[in-house]
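start39.pdb, holding PDB, C-alpha atoms, pLDDT in the B column:
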ATOM      1  CA  MET N  21      28.922  -7.864 -15.392  1.00 44.00           C
ATOM      2  CA  SER N  22      28.296  -4.241 -14.450  1.00 44.00           C
ATOM      3  CA  GLN N  23      26.004  -3.066 -11.710  1.00 46.00           C
ATOM      4  CA  THR N  24      23.916   0.081 -11.704  1.00 45.00           C
ATOM      5  CA  GLN N  25      23.179   2.167  -8.661  1.00 45.00           C
ATOM      6  CA  PRO N  26      19.517   2.418  -7.561  1.00 47.00           C
ATOM      7  CA  THR N  27      17.912   5.756  -8.350  1.00 48.00           C
ATOM      8  CA  HIS N  28      15.557   5.811  -5.321  1.00 47.00           C
ATOM      9  CA  GLY N  29      12.731   7.385  -7.299  1.00 49.00           C
ATOM     10  CA  ALA N  30      14.881   9.772  -9.320  1.00 48.00           C
ATOM     11  CA  THR N  31      13.810  10.178 -12.935  1.00 48.00           C
ATOM     12  CA  LYS N  32      16.374  10.034 -15.732  1.00 54.00           C
ATOM     13  CA  ALA N  33      16.445  13.119 -17.912  1.00 57.00           C
ATOM     14  CA  GLY N  34      14.048  12.759 -20.821  1.00 59.00           C
ATOM     15  CA  SER N  35      12.100   9.752 -19.512  1.00 65.00           C
ATOM     16  CA  ALA N  36       8.612   9.954 -18.104  1.00 82.00           C
ATOM     17  CA  PRO N  37       7.793   8.453 -14.687  1.00 85.00           C
ATOM     18  CA  SER N  38       5.312   6.086 -16.354  1.00 92.00           C
ATOM     19  CA  GLU N  39       8.116   4.717 -18.570  1.00 93.00           C
ATOM     20  CA  GLU N  40      10.322   4.104 -15.540  1.00 94.00           C
ATOM     21  CA  ARG N  41       7.454   2.412 -13.728  1.00 93.00           C
ATOM     22  CA  ALA N  42       6.854   0.110 -16.693  1.00 93.00           C
ATOM     23  CA  ILE N  43      10.554  -0.767 -16.807  1.00 94.00           C
ATOM     24  CA  ALA N  44      10.633  -1.375 -13.044  1.00 95.00           C
ATOM     25  CA  LEU N  45       7.544  -3.601 -13.209  1.00 93.00           C
ATOM     26  CA  GLU N  46       9.062  -5.583 -16.084  1.00 94.00           C
ATOM     27  CA  LEU N  47      12.316  -6.007 -14.164  1.00 95.00           C
ATOM     28  CA  ALA N  48      10.457  -7.014 -11.001  1.00 95.00           C
ATOM     29  CA  GLU N  49       8.499  -9.631 -12.941  1.00 94.00           C
ATOM     30  CA  SER N  50      11.677 -11.037 -14.482  1.00 96.00           C
ATOM     31  CA  LEU N  51      13.141 -11.362 -10.965  1.00 96.00           C
ATOM     32  CA  GLY N  52      10.077 -13.236  -9.714  1.00 95.00           C
ATOM     33  CA  ILE N  53       8.750 -10.344  -7.642  1.00 95.00           C
ATOM     34  CA  THR N  54       4.972 -10.289  -7.355  1.00 92.00           C
ATOM     35  CA  ARG N  55       2.796  -7.341  -6.399  1.00 88.00           C
ATOM     36  CA  GLN N  56       0.038  -7.834  -3.868  1.00 92.00           C
ATOM     37  CA  VAL N  57      -2.534  -5.206  -3.011  1.00 93.00           C
ATOM     38  CA  THR N  58      -3.977  -5.427   0.484  1.00 95.00           C
ATOM     39  CA  GLU N  59      -7.394  -4.002   1.266  1.00 97.00           C
ATOM     40  CA  THR N  60      -7.525  -2.070   4.532  1.00 97.00           C
ATOM     41  CA  TYR N  61     -10.416  -0.710   6.578  1.00 98.00           C
ATOM     42  CA  SER N  62     -10.129   2.416   8.728  1.00 97.00           C
ATOM     43  CA  VAL N  63     -12.140   2.940  11.907  1.00 96.00           C
ATOM     44  CA  GLY N  64     -11.472   5.743  14.364  1.00 93.00           C
ATOM     45  CA  GLY N  65      -7.846   6.178  13.367  1.00 94.00           C
ATOM     46  CA  TYR N  66      -7.070   2.454  13.398  1.00 96.00           C
ATOM     47  CA  HIS N  67      -6.476   0.353  10.293  1.00 97.00           C
ATOM     48  CA  TYR N  68      -7.545  -3.264   9.863  1.00 98.00           C
ATOM     49  CA  THR N  69      -6.978  -5.847   7.143  1.00 97.00           C
ATOM     50  CA  ASN N  70      -9.820  -7.998   8.457  1.00 97.00           C
ATOM     51  CA  ILE N  71     -13.341  -6.629   7.910  1.00 97.00           C
ATOM     52  CA  GLY N  72     -14.625  -8.492  10.971  1.00 98.00           C
ATOM     53  CA  ASP N  73     -12.128  -6.712  13.219  1.00 97.00           C
ATOM     54  CA  ALA N  74     -13.093  -3.336  11.729  1.00 98.00           C
ATOM     55  CA  ILE N  75     -16.795  -4.028  12.308  1.00 97.00           C
ATOM     56  CA  ALA N  76     -16.133  -5.109  15.892  1.00 97.00           C
ATOM     57  CA  GLN N  77     -14.220  -1.877  16.568  1.00 96.00           C
ATOM     58  CA  ALA N  78     -16.943   0.245  14.981  1.00 97.00           C
ATOM     59  CA  ARG N  79     -19.542  -1.471  17.181  1.00 96.00           C
ATOM     60  CA  ARG N  80     -17.436  -0.883  20.301  1.00 95.00           C
ATOM     61  CA  MET N  81     -17.108   2.782  19.392  1.00 94.00           C
ATOM     62  CA  THR N  82     -20.851   3.105  18.754  1.00 94.00           C
ATOM     63  CA  THR N  83     -21.678   1.445  22.078  1.00 91.00           C
ATOM     64  CA  LEU N  84     -19.271   3.718  23.941  1.00 85.00           C
ATOM     65  CA  GLU N  85     -20.676   6.791  22.208  1.00 85.00           C
ATOM     66  CA  ARG N  86     -24.235   5.837  23.226  1.00 87.00           C
ATOM     67  CA  LYS N  87     -23.150   5.422  26.851  1.00 87.00           C
ATOM     68  CA  LEU N  88     -21.534   8.848  26.843  1.00 88.00           C
ATOM     69  CA  LEU N  89     -24.625  10.609  25.479  1.00 82.00           C
TER      70      LEU N  89
END

Step by step, read the file and then write its structure as structure tokens.
Amino acid sequence: MSQTQPTHGATKAGSAPSEERAIALELAESLGITRQVTETYSVGGYHYTNIGDAIAQARRMTTLERKLL
């Protein structure tokens, strides 16, 4: 059984990136790898995966801003 070296994003001559992505996704699926997309919320330079935490930070920032004005 031969092994191939990873390309680390390099594109083979003559193949489009979308073709390589499709091949990679097919290989990943055959290996049992699943893709999960995580929604994130940004507030004042911080990133949250929980909307409640993002809202709480936004409220803290708004309260602080009012005190400073």

Could you state the separation of CA of Val63 in chain N and CA of Met81 in chain N in Å, given to one decimal place?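 Between CA of Val63 in chain N and CA of Met81 in chain N the gap is 9.0 Å.
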
Name the residues in contact with range 51-57 of chain N at a cut-off of 12 Å, using all atoms listed in the file, excluding same-chain residues fewer than 6 positions from it; report them as a PDB file with C-alpha atoms, in the coordinates of the input.
ATOM      1  CA  ALA N  44      10.633  -1.375 -13.044  1.00 95.00           C
ATOM      2  CA  LEU N  45       7.544  -3.601 -13.209  1.00 93.00           C
ATOM      3  CA  THR N  69      -6.978  -5.847   7.143  1.00 97.00           C
TER       4      THR N  69
END

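If you look at CA of Glu85 in chain N and CA of Asp73 in chain N, they are 18.3 Å away from each other.
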
For a test of reading the model, state the distance in Å between CA of Tyr68 in chain N and CA of Thr83 in chain N, rounded to one decimal.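 Computing it gives 19.3 Å between the two atoms.
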
List the residues selected by the PyMOL selection byres ((chain N and resi 61) around 12) in the file shown, writing them as an MDAnalysis selection string. chainID N and resid 58:60 62:78
